[in-house]
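Raw contents of target-v1.pdb, PDB, C-alpha atoms:
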```
ATOM      1  CA  MET A   1     110.277 105.941  88.963
ATOM      2  CA  ALA A   2     108.223 102.972  87.820
ATOM      3  CA  ALA A   3     107.144 100.394  90.363
ATOM      4  CA  THR A   4     109.559  97.481  90.003
ATOM      5  CA  TYR A   5     108.876  95.294  93.045
ATOM      6  CA  THR A   6     105.204  94.542  93.202
ATOM      7  CA  PRO A   7     103.195  92.144  95.381
ATOM      8  CA  LEU A   8     101.220  89.859  93.077
ATOM      9  CA  ALA A   9      99.496  87.648  95.629
ATOM     10  CA  THR A  10      99.781  86.588  99.251
ATOM     11  CA  THR A  11      98.349  83.754 101.300
ATOM     12  CA  THR A  12      98.233  83.452 105.069
ATOM     13  CA  LEU A  13      96.781  80.072 105.905
ATOM     14  CA  GLY A  14      93.586  80.277 107.928
ATOM     15  CA  ALA A  15      93.625  76.516 108.358
ATOM     16  CA  ASN A  16      96.146  73.749 107.889
ATOM     17  CA  ALA A  17      96.660  73.077 104.186
ATOM     18  CA  ALA A  18      98.649  70.579 102.120
ATOM     19  CA  SER A  19      99.367  73.038  99.337
ATOM     20  CA  VAL A  20      99.251  76.657  98.249
ATOM     21  CA  THR A  21      98.660  77.800  94.685
ATOM     22  CA  PHE A  22      99.431  81.007  92.855
ATOM     23  CA  SER A  23      97.553  80.974  89.552
ATOM     24  CA  SER A  24      96.891  83.354  86.674
ATOM     25  CA  ILE A  25     100.323  84.892  87.201
ATOM     26  CA  SER A  26     100.732  87.921  85.001
ATOM     27  CA  GLY A  27     103.447  87.757  82.355
ATOM     28  CA  SER A  28     104.225  91.430  82.591
ATOM     29  CA  TYR A  29     107.195  91.160  84.967
ATOM     30  CA  THR A  30     110.774  89.992  84.441
ATOM     31  CA  ASP A  31     111.408  87.900  87.566
ATOM     32  CA  LEU A  32     109.380  86.484  90.423
ATOM     33  CA  VAL A  33     110.274  86.337  94.103
ATOM     34  CA  LEU A  34     108.566  83.912  96.452
ATOM     35  CA  ILE A  35     108.843  84.522 100.196
ATOM     36  CA  ALA A  36     107.529  81.793 102.500
ATOM     37  CA  GLN A  37     107.574  81.403 106.269
ATOM     38  CA  GLY A  38     105.901  78.798 108.430
ATOM     39  CA  GLN A  39     106.012  75.294 109.768
ATOM     40  CA  GLY A  40     104.531  71.870 109.090
ATOM     41  CA  THR A  41     102.243  69.560 111.016
ATOM     42  CA  VAL A  42     104.950  66.910 110.684
ATOM     43  CA  GLU A  43     108.604  66.935 109.720
ATOM     44  CA  ASN A  44     108.369  67.464 105.993
ATOM     45  CA  TYR A  45     109.681  69.496 103.111
ATOM     46  CA  ALA A  46     108.035  71.759 100.595
ATOM     47  CA  TYR A  47     108.328  71.334  96.866
ATOM     48  CA  MET A  48     107.290  73.445  93.908
ATOM     49  CA  THR A  49     105.841  72.730  90.467
ATOM     50  CA  PHE A  50     104.971  75.051  87.598
ATOM     51  CA  ASN A  51     101.893  75.153  85.368
ATOM     52  CA  SER A  52     100.579  71.898  86.898
ATOM     53  CA  ASP A  53     103.377  69.969  85.195
ATOM     54  CA  THR A  54     103.890  66.722  87.150
ATOM     55  CA  GLY A  55     106.188  65.139  84.579
ATOM     56  CA  SER A  56     109.860  64.353  85.168
ATOM     57  CA  ASN A  57     110.881  67.738  83.827
ATOM     58  CA  TYR A  58     112.655  69.189  86.850
ATOM     59  CA  SER A  59     116.121  68.977  88.379
ATOM     60  CA  ASN A  60     117.856  70.360  91.454
ATOM     61  CA  THR A  61     121.369  70.857  92.795
ATOM     62  CA  ILE A  62     121.411  71.482  96.531
ATOM     63  CA  LEU A  63     124.044  72.592  99.053
ATOM     64  CA  THR A  64     122.924  71.896 102.605
ATOM     65  CA  GLY A  65     124.330  72.842 105.986
ATOM     66  CA  THR A  66     122.937  70.581 108.681
ATOM     67  CA  GLY A  67     124.458  72.469 111.571
ATOM     68  CA  THR A  68     127.357  70.011 111.751
ATOM     69  CA  SER A  69     128.311  69.238 108.164
ATOM     70  CA  ALA A  70     127.956  70.510 104.611
ATOM     71  CA  VAL A  71     126.673  68.177 101.919
ATOM     72  CA  SER A  72     125.589  68.501  98.317
ATOM     73  CA  THR A  73     122.935  66.469  96.541
ATOM     74  CA  ARG A  74     121.510  66.350  93.067
ATOM     75  CA  ASN A  75     118.153  65.270  91.672
ATOM     76  CA  SER A  76     117.710  64.766  87.929
ATOM     77  CA  ASN A  77     114.545  64.043  85.958
ATOM     78  CA  VAL A  78     112.327  64.480  88.993
ATOM     79  CA  THR A  79     108.737  65.637  89.184
ATOM     80  CA  LYS A  80     109.292  68.680  91.408
ATOM     81  CA  ILE A  81     111.718  71.309  92.601
ATOM     82  CA  TYR A  82     112.670  70.800  96.226
ATOM     83  CA  LEU A  83     111.936  74.181  97.691
ATOM     84  CA  THR A  84     112.846  73.762 101.333
ATOM     85  CA  PRO A  85     113.369  70.742 103.568
ATOM     86  CA  TYR A  86     112.797  72.424 106.867
ATOM     87  CA  TYR A  87     109.118  72.650 107.555
ATOM     88  CA  GLY A  88     108.631  70.812 110.818
ATOM     89  CA  THR A  89     107.011  70.485 114.166
ATOM     90  CA  PHE A  90     109.807  71.506 116.464
ATOM     91  CA  TYR A  91     108.598  74.308 118.682
ATOM     92  CA  THR A  92     105.904  76.644 117.451
ATOM     93  CA  ASP A  93     108.261  79.244 116.122
ATOM     94  CA  PHE A  94     107.454  79.424 112.403
ATOM     95  CA  SER A  95     111.199  79.496 111.956
ATOM     96  CA  ASN A  96     111.325  78.174 108.410
ATOM     97  CA  ILE A  97     112.127  80.861 105.884
ATOM     98  CA  THR A  98     112.396  80.454 102.113
ATOM     99  CA  ILE A  99     113.450  83.016  99.521
ATOM    100  CA  CYS A 100     113.072  81.839  95.930
ATOM    101  CA  ASN A 101     113.970  83.904  92.861
ATOM    102  CA  ILE A 102     112.500  82.684  89.566
ATOM    103  CA  LEU A 103     114.326  84.350  86.707
ATOM    104  CA  ASN A 104     112.893  85.306  83.311
ATOM    105  CA  TYR A 105     109.775  83.339  84.182
ATOM    106  CA  SER A 106     107.600  84.777  81.423
ATOM    107  CA  ASN A 107     109.750  84.238  78.344
ATOM    108  CA  SER A 108     108.771  81.530  75.868
ATOM    109  CA  THR A 109     112.212  80.585  74.567
ATOM    110  CA  THR A 110     114.286  79.340  77.512
ATOM    111  CA  TYR A 111     113.971  76.812  80.319
ATOM    112  CA  LYS A 112     113.235  78.314  83.751
ATOM    113  CA  THR A 113     115.805  78.527  86.550
ATOM    114  CA  SER A 114     115.119  79.168  90.239
ATOM    115  CA  LEU A 115     117.590  80.287  92.909
ATOM    116  CA  ILE A 116     116.574  79.226  96.400
ATOM    117  CA  ARG A 117     117.736  80.111  99.907
ATOM    118  CA  ALA A 118     116.057  78.268 102.762
ATOM    119  CA  GLY A 119     116.678  77.611 106.417
ATOM    120  CA  ARG A 120     115.439  76.937 109.894
ATOM    121  CA  ALA A 121     117.471  77.814 112.956
ATOM    122  CA  SER A 122     115.655  75.631 115.475
ATOM    123  CA  THR A 123     116.084  71.936 116.252
ATOM    124  CA  GLY A 124     116.231  69.716 113.194
ATOM    125  CA  GLY A 125     116.876  72.644 110.909
ATOM    126  CA  GLY A 126     119.734  73.841 108.801
ATOM    127  CA  THR A 127     120.470  76.066 105.850
ATOM    128  CA  GLU A 128     120.279  75.407 102.176
ATOM    129  CA  ALA A 129     121.249  77.037  98.887
ATOM    130  CA  SER A 130     119.957  75.410  95.735
ATOM    131  CA  VAL A 131     119.143  75.840  92.106
ATOM    132  CA  GLY A 132     116.113  74.358  90.394
ATOM    133  CA  LEU A 133     115.457  73.896  86.700
ATOM    134  CA  TRP A 134     112.167  73.359  84.883
ATOM    135  CA  ARG A 135     112.794  72.109  81.373
ATOM    136  CA  SER A 136     110.001  73.994  79.680
ATOM    137  CA  THR A 137     109.912  77.041  77.468
ATOM    138  CA  SER A 138     106.394  77.933  78.576
ATOM    139  CA  ALA A 139     105.843  81.102  80.530
ATOM    140  CA  ILE A 140     105.122  80.319  84.177
ATOM    141  CA  THR A 141     101.519  81.161  84.957
ATOM    142  CA  ARG A 142     100.944  78.915  87.962
ATOM    143  CA  ILE A 143     103.034  77.845  90.954
ATOM    144  CA  ASP A 144     101.982  75.080  93.334
ATOM    145  CA  ILE A 145     103.797  74.738  96.659
ATOM    146  CA  THR A 146     103.089  71.409  98.306
ATOM    147  CA  ALA A 147     104.007  69.753 101.597
ATOM    148  CA  SER A 148     105.665  66.370 101.089
ATOM    149  CA  THR A 149     103.552  64.893 103.905
ATOM    150  CA  GLY A 150     101.070  66.417 106.288
ATOM    151  CA  ASN A 151     100.206  70.091 106.052
ATOM    152  CA  PHE A 152     101.526  73.593 106.371
ATOM    153  CA  VAL A 153     100.078  74.944 109.598
ATOM    154  CA  THR A 154      97.672  77.786 110.141
ATOM    155  CA  GLY A 155      99.443  81.118 109.991
ATOM    156  CA  SER A 156     102.087  80.068 107.468
ATOM    157  CA  THR A 157     102.623  82.809 104.904
ATOM    158  CA  PHE A 158     103.410  82.706 101.191
ATOM    159  CA  THR A 159     103.877  85.858  99.112
ATOM    160  CA  LEU A 160     104.712  86.245  95.443
ATOM    161  CA  TYR A 161     106.305  89.434  94.111
ATOM    162  CA  GLY A 162     106.976  90.545  90.544
ATOM    163  CA  ILE A 163     110.116  92.439  89.544
ATOM    164  CA  LYS A 164     110.378  94.466  86.359
ATOM    165  CA  ALA A 165     113.648  95.083  84.601
ATOM    166  CA  ALA A 166     112.313  98.392  83.309
TER
ATOM    167  CA  MET B   1      99.870  98.698  91.729
ATOM    168  CA  ALA B   2     101.985 100.264  94.431
ATOM    169  CA  ASP B   3     105.712  99.821  94.652
ATOM    170  CA  THR B   4     106.251  98.199  98.042
ATOM    171  CA  TYR B   5     110.011  98.044  98.314
ATOM    172  CA  THR B   6     110.613 101.190 100.336
ATOM    173  CA  LEU B   7     113.732 102.674 101.872
ATOM    174  CA  ILE B   8     113.048 103.274 105.570
ATOM    175  CA  SER B   9     116.466 104.457 106.693
ATOM    176  CA  SER B  10     120.152 104.321 105.825
ATOM    177  CA  VAL B  11     123.480 104.622 107.625
ATOM    178  CA  THR B  12     126.813 105.652 106.147
ATOM    179  CA  VAL B  13     129.744 105.310 108.516
ATOM    180  CA  GLY B  14     131.765 108.483 108.918
ATOM    181  CA  ALA B  15     135.471 109.192 109.116
ATOM    182  CA  GLY B  16     135.844 108.053 112.714
ATOM    183  CA  GLY B  17     134.438 104.580 112.073
ATOM    184  CA  ALA B  18     131.772 102.900 114.169
ATOM    185  CA  SER B  19     131.646  99.710 116.206
ATOM    186  CA  SER B  20     127.962  99.191 115.486
ATOM    187  CA  ILE B  21     125.185 100.156 113.095
ATOM    188  CA  SER B  22     121.649 100.610 114.372
ATOM    189  CA  PHE B  23     118.175 101.278 113.100
ATOM    190  CA  SER B  24     115.534 102.350 115.594
ATOM    191  CA  SER B  25     111.875 103.388 115.625
ATOM    192  CA  ILE B  26     111.133 100.978 112.785
ATOM    193  CA  PRO B  27     107.466 101.327 111.828
ATOM    194  CA  THR B  28     105.223  98.257 111.807
ATOM    195  CA  THR B  29     103.544  99.209 108.554
ATOM    196  CA  TYR B  30     105.442  96.732 106.393
ATOM    197  CA  THR B  31     105.332  92.946 106.083
ATOM    198  CA  ASP B  32     109.039  92.147 105.791
ATOM    199  CA  LEU B  33     112.329  93.951 106.353
ATOM    200  CA  LEU B  34     115.546  93.782 104.357
ATOM    201  CA  VAL B  35     118.857  95.172 105.610
ATOM    202  CA  ARG B  36     121.384  95.476 102.796
ATOM    203  CA  VAL B  37     124.943  96.054 104.012
ATOM    204  CA  SER B  38     128.225  96.988 102.365
ATOM    205  CA  ALA B  39     130.956  96.909 104.993
ATOM    206  CA  ARG B  40     134.600  96.654 105.839
ATOM    207  CA  ALA B  41     136.135  96.359 109.300
ATOM    208  CA  THR B  42     139.360  97.390 110.994
ATOM    209  CA  SER B  43     139.592  93.880 112.458
ATOM    210  CA  GLY B  44     139.619  90.317 111.227
ATOM    211  CA  GLY B  45     141.153  88.310 108.413
ATOM    212  CA  GLY B  46     139.029  87.499 105.380
ATOM    213  CA  TRP B  47     135.928  88.695 107.164
ATOM    214  CA  SER B  48     134.695  90.067 110.487
ATOM    215  CA  ASP B  49     131.715  88.762 112.441
ATOM    216  CA  SER B  50     128.922  91.029 113.615
ATOM    217  CA  THR B  51     126.131  89.952 115.922
ATOM    218  CA  ILE B  52     122.584  90.982 115.093
ATOM    219  CA  THR B  53     120.176  91.935 117.878
ATOM    220  CA  PHE B  54     116.541  92.982 117.780
ATOM    221  CA  ASN B  55     115.022  95.318 120.369
ATOM    222  CA  GLY B  56     118.070  94.689 122.546
ATOM    223  CA  GLY B  57     116.942  91.096 123.122
ATOM    224  CA  THR B  58     119.145  88.208 124.168
ATOM    225  CA  THR B  59     117.501  84.941 123.039
ATOM    226  CA  TYR B  60     118.839  83.859 119.676
ATOM    227  CA  SER B  61     119.924  80.773 117.762
ATOM    228  CA  SER B  62     121.255  80.071 114.293
ATOM    229  CA  ARG B  63     122.397  77.455 111.806
ATOM    230  CA  TYR B  64     124.808  78.315 109.069
ATOM    231  CA  LEU B  65     126.622  77.094 105.989
ATOM    232  CA  TYR B  66     129.750  78.630 104.599
ATOM    233  CA  GLY B  67     132.652  78.259 102.230
ATOM    234  CA  ASP B  68     135.879  79.898 103.362
ATOM    235  CA  SER B  69     138.034  79.310 100.275
ATOM    236  CA  SER B  70     139.248  75.940 101.513
ATOM    237  CA  ALA B  71     136.167  73.894 102.463
ATOM    238  CA  ALA B  72     132.422  73.932 102.917
ATOM    239  CA  ASN B  73     131.362  73.860 106.549
ATOM    240  CA  SER B  74     128.244  74.037 108.673
ATOM    241  CA  GLY B  75     127.678  74.972 112.296
ATOM    242  CA  SER B  76     125.162  76.257 114.762
ATOM    243  CA  SER B  77     124.832  78.623 117.688
ATOM    244  CA  ALA B  78     122.453  78.487 120.628
ATOM    245  CA  SER B  79     123.057  82.096 121.561
ATOM    246  CA  ALA B  80     123.611  84.373 118.580
ATOM    247  CA  ILE B  81     122.705  85.427 115.058
ATOM    248  CA  VAL B  82     125.847  86.434 113.191
ATOM    249  CA  THR B  83     126.479  88.166 109.887
ATOM    250  CA  ARG B  84     129.895  87.729 108.289
ATOM    251  CA  GLY B  85     129.631  90.194 105.432
ATOM    252  CA  ALA B  86     132.255  92.740 106.504
ATOM    253  CA  ASN B  87     135.594  92.423 104.739
ATOM    254  CA  GLY B  88     138.396  92.055 107.268
ATOM    255  CA  ASN B  89     141.283  94.432 107.671
ATOM    256  CA  SER B  90     143.804  92.181 105.913
ATOM    257  CA  THR B  91     141.812  91.852 102.703
ATOM    258  CA  THR B  92     142.426  93.724  99.457
ATOM    259  CA  ALA B  93     142.251  97.463 100.066
ATOM    260  CA  ASN B  94     139.053  99.310  99.228
ATOM    261  CA  THR B  95     137.103  96.050  99.131
ATOM    262  CA  PHE B  96     133.802  95.897 100.984
ATOM    263  CA  GLY B  97     131.741  92.803 101.716
ATOM    264  CA  ASN B  98     127.995  92.518 101.158
ATOM    265  CA  SER B  99     125.113  91.167 103.209
ATOM    266  CA  ASP B 100     121.403  90.714 102.713
ATOM    267  CA  ILE B 101     119.512  90.239 105.972
ATOM    268  CA  TYR B 102     115.867  89.345 105.329
ATOM    269  CA  ILE B 103     113.292  89.301 108.143
ATOM    270  CA  PRO B 104     109.793  88.141 107.167
ATOM    271  CA  ASN B 105     106.746  89.025 109.257
ATOM    272  CA  TYR B 106     108.855  91.167 111.584
ATOM    273  CA  ALA B 107     105.818  92.827 113.146
ATOM    274  CA  GLY B 108     103.929  89.602 113.842
ATOM    275  CA  SER B 109     103.395  87.739 117.089
ATOM    276  CA  ASN B 110     105.477  84.651 116.292
ATOM    277  CA  ALA B 111     109.186  84.242 116.908
ATOM    278  CA  LYS B 112     111.265  86.057 114.291
ATOM    279  CA  SER B 113     113.154  84.213 111.571
ATOM    280  CA  VAL B 114     116.050  85.705 109.657
ATOM    281  CA  SER B 115     117.777  84.710 106.425
ATOM    282  CA  ILE B 116     121.317  86.041 106.005
ATOM    283  CA  ASP B 117     123.370  85.901 102.816
ATOM    284  CA  ASP B 118     126.948  87.201 103.189
ATOM    285  CA  VAL B 119     129.941  87.429 100.873
ATOM    286  CA  THR B 120     133.415  88.891 101.159
ATOM    287  CA  GLU B 121     136.105  88.805  98.499
ATOM    288  CA  ASN B 122     139.852  89.183  98.601
ATOM    289  CA  ASN B 123     142.569  88.910  95.974
ATOM    290  CA  SER B 124     144.498  86.296  97.928
ATOM    291  CA  GLY B 125     145.153  82.596  97.619
ATOM    292  CA  ALA B 126     145.464  82.127 101.361
ATOM    293  CA  THR B 127     143.128  79.845 103.276
ATOM    294  CA  ASN B 128     140.254  81.676 104.978
ATOM    295  CA  SER B 129     140.896  84.754 102.885
ATOM    296  CA  ALA B 130     137.220  85.257 101.997
ATOM    297  CA  ILE B 131     133.822  83.770 102.705
ATOM    298  CA  THR B 132     130.410  83.035 101.304
ATOM    299  CA  HIS B 133     128.017  82.434 104.188
ATOM    300  CA  LEU B 134     124.347  81.545 104.468
ATOM    301  CA  GLU B 135     122.620  81.606 107.850
ATOM    302  CA  ALA B 136     119.159  80.946 109.252
ATOM    303  CA  GLY B 137     118.623  82.874 112.475
ATOM    304  CA  LEU B 138     115.877  82.856 115.041
ATOM    305  CA  SER B 139     114.917  85.333 117.720
ATOM    306  CA  ALA B 140     112.606  83.746 120.283
ATOM    307  CA  SER B 141     110.924  87.067 120.968
ATOM    308  CA  THR B 142     107.324  87.405 119.842
ATOM    309  CA  THR B 143     107.448  91.200 120.044
ATOM    310  CA  ALA B 144     107.418  93.281 116.874
ATOM    311  CA  ILE B 145     110.909  94.329 115.847
ATOM    312  CA  ASN B 146     111.374  98.058 116.283
ATOM    313  CA  SER B 147     115.161  98.217 116.366
ATOM    314  CA  ILE B 148     118.015  96.342 114.718
ATOM    315  CA  THR B 149     121.677  96.561 115.735
ATOM    316  CA  LEU B 150     124.727  95.080 114.036
ATOM    317  CA  THR B 151     127.728  94.997 116.383
ATOM    318  CA  LEU B 152     131.229  94.032 115.325
ATOM    319  CA  GLY B 153     132.978  91.494 117.529
ATOM    320  CA  SER B 154     136.048  93.725 117.552
ATOM    321  CA  GLY B 155     137.219  96.879 115.830
ATOM    322  CA  ASN B 156     135.128  99.286 113.811
ATOM    323  CA  TYR B 157     133.268  99.492 110.545
ATOM    324  CA  VAL B 158     135.389 101.728 108.351
ATOM    325  CA  GLN B 159     134.310 104.948 106.701
ATOM    326  CA  TYR B 160     131.942 104.501 103.740
ATOM    327  CA  SER B 161     130.464 101.288 105.097
ATOM    328  CA  THR B 162     126.727 101.497 104.450
ATOM    329  CA  ALA B 163     123.528  99.841 105.601
ATOM    330  CA  TYR B 164     120.109 100.351 104.052
ATOM    331  CA  LEU B 165     116.885  99.271 105.711
ATOM    332  CA  TYR B 166     113.992  98.533 103.347
ATOM    333  CA  GLY B 167     110.388  97.775 104.164
ATOM    334  CA  ILE B 168     108.476  95.387 101.911
ATOM    335  CA  LYS B 169     104.687  95.179 101.864
ATOM    336  CA  ASN B 170     102.782  92.163 100.621
ATOM    337  CA  SER B 171      99.814  94.231  99.453
TER
END
```

Let's see the structure in the file written out as structure tokens.
Amino acid sequence: MAATYTPLATTTLGANAASVTFSSISGSYTDLVLIAQGQGTVENYAYMTFNSDTGSNYSNTILTGTGTSAVSTRNSNVTKIYLTPYYGTFYTDFSNITICNILNYSNSTTYKTSLIRAGRASTGGGTEASVGLWRSTSAITRIDITASTGNFVTGSTFTLYGIKAA
Amino acid sequence: MADTYTLISSVTVGAGGASSISFSSIPTTYTDLLVRVSARATSGGGWSDSTITFNGGTTYSSRYLYGDSSAANSGSSASAIVTRGANGNSTTANTFGNSDIYIPNYAGSNAKSVSIDDVTENNSGATNSAITHLEAGLSASTTAINSITLTLGSGNYVQYSTAYLYGIKNS
């Protein structure tokens, strides 16, 4: 059977860093999966952009569980996709986890949709399900993951997988 | 490039049912683990809760978000990680719930995070007849995970419930 779930690139931070980049992403897969785990140097969130596009070409719809209540928010015409709000300094447990599926990322006819699951069980955390949209028909060849403030700490991991439909 | 999504082990519940599902002697040769469950229980309403333990440990916490067919809710636990992906006994016959339990860096030396995505479905208009549930769990243990156990709060997993353990490598 053909390999259909393939690691494309992985980064384990050897030093604190404000961002992580996956570039020169091959267009030979159908979907991408991003798995991230770590924590921040301050209470922050991580966001994601594609192909270095910093224009107002993104939107998000987010369902968040804070541990006490469920709320939904929406961001239209923004400059980033909010990937996960739960990078933070509580404990040293690396308890943030993010799973992001980017569907049909390499086609050149449709806008690109991302399905995101994120959470952190420790203090200040919560859970989140969201969808992100990039209004571009370009194939995704680069993903930048950036901390809103401060850094991702040493030891945080980011891995990108490719999935083939056939 | 190598395919790195590998079946490590699977469990199919037999005719007598089972109150728990376990995987043991998990190798440390992967980066992440995924447990994919299809389950139904002899207990519960729209769903049945199962606790998840690693290496028999006892220090867990979680935060969760769920919709139970009437409202969206969120809560937390200072003592347990819980999956809610087993259809309960009162749901539509022959219907099994689904769970994805993802554990990144399970063999590392940090505490262990877990992402759980559960759904059950039921052809009923009653409140609490089904659930979609998302949970972030944390085990405070810094020891590599070598066993995983799902234990129902009450009753048994019924025959044909399944659990598959996959190992995922990042290189």

Go through chain B and flag each residue having an atom no more than 8 Å from chain A; for those, report the closest pair of atoms plus their distance in Å to one decimal, using only C-alpha atoms, ordered by chain and rising number, as JSON lines.
```
{"residue": "B:Met1", "atom": "CA", "partner": "A:Thr6", "partner_atom": "CA", "distance": 6.9}
{"residue": "B:Ala2", "atom": "CA", "partner": "A:Ala3", "partner_atom": "CA", "distance": 6.6}
{"residue": "B:Asp3", "atom": "CA", "partner": "A:Ala3", "partner_atom": "CA", "distance": 4.6}
{"residue": "B:Thr4", "atom": "CA", "partner": "A:Thr6", "partner_atom": "CA", "distance": 6.2}
{"residue": "B:Tyr5", "atom": "CA", "partner": "A:Tyr5", "partner_atom": "CA", "distance": 6.1}
{"residue": "B:Ser61", "atom": "CA", "partner": "A:Ala121", "partner_atom": "CA", "distance": 6.2}
{"residue": "B:Ser62", "atom": "CA", "partner": "A:Ala121", "partner_atom": "CA", "distance": 4.6}
{"residue": "B:Arg63", "atom": "CA", "partner": "A:Ala121", "partner_atom": "CA", "distance": 5.1}
{"residue": "B:Tyr64", "atom": "CA", "partner": "A:Thr127", "partner_atom": "CA", "distance": 5.9}
{"residue": "B:Leu65", "atom": "CA", "partner": "A:Gly65", "partner_atom": "CA", "distance": 4.8}
{"residue": "B:Ala72", "atom": "CA", "partner": "A:Ala70", "partner_atom": "CA", "distance": 5.9}
{"residue": "B:Asn73", "atom": "CA", "partner": "A:Ala70", "partner_atom": "CA", "distance": 5.2}
{"residue": "B:Ser74", "atom": "CA", "partner": "A:Ser69", "partner_atom": "CA", "distance": 4.8}
{"residue": "B:Gly75", "atom": "CA", "partner": "A:Gly67", "partner_atom": "CA", "distance": 4.1}
{"residue": "B:Ser76", "atom": "CA", "partner": "A:Gly67", "partner_atom": "CA", "distance": 5.0}
{"residue": "B:Pro104", "atom": "CA", "partner": "A:Gln37", "partner_atom": "CA", "distance": 7.2}
{"residue": "B:Asn110", "atom": "CA", "partner": "A:Asp93", "partner_atom": "CA", "distance": 6.1}
{"residue": "B:Ala111", "atom": "CA", "partner": "A:Asp93", "partner_atom": "CA", "distance": 5.1}
{"residue": "B:Lys112", "atom": "CA", "partner": "A:Ser95", "partner_atom": "CA", "distance": 7.0}
{"residue": "B:Ser113", "atom": "CA", "partner": "A:Ser95", "partner_atom": "CA", "distance": 5.1}
{"residue": "B:Val114", "atom": "CA", "partner": "A:Ile97", "partner_atom": "CA", "distance": 7.3}
{"residue": "B:Ser115", "atom": "CA", "partner": "A:Ile97", "partner_atom": "CA", "distance": 6.9}
{"residue": "B:Leu134", "atom": "CA", "partner": "A:Thr127", "partner_atom": "CA", "distance": 6.9}
{"residue": "B:Glu135", "atom": "CA", "partner": "A:Thr127", "partner_atom": "CA", "distance": 6.3}
{"residue": "B:Ala136", "atom": "CA", "partner": "A:Gly119", "partner_atom": "CA", "distance": 5.0}
{"residue": "B:Gly137", "atom": "CA", "partner": "A:Ala121", "partner_atom": "CA", "distance": 5.2}
{"residue": "B:Leu138", "atom": "CA", "partner": "A:Ala121", "partner_atom": "CA", "distance": 5.7}
{"residue": "B:Ala140", "atom": "CA", "partner": "A:Asp93", "partner_atom": "CA", "distance": 7.5}
{"residue": "B:Lys169", "atom": "CA", "partner": "A:Pro7", "partner_atom": "CA", "distance": 7.3}
{"residue": "B:Asn170", "atom": "CA", "partner": "A:Pro7", "partner_atom": "CA", "distance": 5.3}
{"residue": "B:Ser171", "atom": "CA", "partner": "A:Pro7", "partner_atom": "CA", "distance": 5.7}
```

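The interatomic distance for the pair atom CA of A:Ser24 and atom CA of A:Ala147 works out to 21.4 Å.
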
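Neighbours of A:Thr84 closer than or equal to 6 Å, with all atoms listed in the file counted and sequence neighbours fewer than 2 positions away skipped, come out as A:Tyr45, A:Ala46, A:Tyr82, A:Tyr86, A:Ala118.
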
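Relative to atom CA of A:Gly27, atom CA of A:Tyr105 is found at 7.9 Å.
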
Worksheet entry | Point-to-point distance in Å for atom CA of A:Ala18 and atom CA of A:Ser106 | 26.6 Å

Worksheet item: For B:Leu33, which residue among B:Ala163, B:Val82, B:Ile8, B:Leu152 is the nearest when counting only C-alpha atoms?
Response: B:Ile8

Worksheet entry | Test item: the PyMOL selection byres ((chain A and resi 133) around 10) resolved as a ChimeraX atom specification | /A:57-61,76-77,80-81,102,111-115,131-132,134-136

Item to complete: Using only C-alpha atoms, determine which residues lie at most 7 Å from A:Gln39, disregarding the query and same-chain residues fewer than 2 positions distant; provide the list as number ranges by chain.
Response: A: 41, 87-89, 94, 96, 152-153, 156

Fill in: Selection: 12 Å around B:Ala86, only C-alpha atoms, excl. self and same-chain fewer than 5 positions, as an NGL selection string
:B and (19-20 or 36-51 or 91 or 94-100 or 117-122 or 130-133 or 150-158 or 161-163)

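Once all atoms listed in the file are considered, the residues situated within 6 Å of the file point (101.9, 77.5, 81.5) turn out to be Asn51, Ser138, Ala139, Ile140 and Thr141 of chain A.
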
Worksheet entry | Explicit residues for the PyMOL selection byres ((chain A and resi 17) around 9) (as a PyMOL selection string) | chain A and resi 13-16+18-20+146-147+150-154

Test item: write stretch 89-107 of chain B with C-alpha atoms as an mmCIF file, in the first residue's frame:
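Below you can see decode_13.cif, which holds the result:
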```
data_model
loop_
_atom_site.group_PDB
_atom_site.id
_atom_site.type_symbol
_atom_site.label_atom_id
_atom_site.label_comp_id
_atom_site.auth_asym_id
_atom_site.auth_seq_id
_atom_site.Cartn_x
_atom_site.Cartn_y
_atom_site.Cartn_z
ATOM 1 C CA ASN B 89 -27.280 1.589 26.403
ATOM 2 C CA SER B 90 -30.441 3.600 25.712
ATOM 3 C CA THR B 91 -29.305 4.903 22.337
ATOM 4 C CA THR B 92 -30.358 3.590 18.932
ATOM 5 C CA ALA B 93 -29.495 -0.091 18.642
ATOM 6 C CA ASN B 94 -26.335 -1.095 16.813
ATOM 7 C CA THR B 95 -24.964 2.439 17.079
ATOM 8 C CA PHE B 96 -21.388 2.876 18.250
ATOM 9 C CA GLY B 97 -19.698 6.117 19.249
ATOM 10 C CA ASN B 98 -16.263 7.219 18.062
ATOM 11 C CA SER B 99 -13.223 8.692 19.772
ATOM 12 C CA ASP B 100 -9.833 9.938 18.689
ATOM 13 C CA ILE B 101 -7.341 10.150 21.546
ATOM 14 C CA TYR B 102 -4.113 11.835 20.434
ATOM 15 C CA ILE B 103 -1.000 11.847 22.638
ATOM 16 C CA PRO B 104 1.973 13.823 21.295
ATOM 17 C CA ASN B 105 5.512 13.167 22.509
ATOM 18 C CA TYR B 106 4.331 10.261 24.656
ATOM 19 C CA ALA B 107 7.856 8.956 25.193
#
```
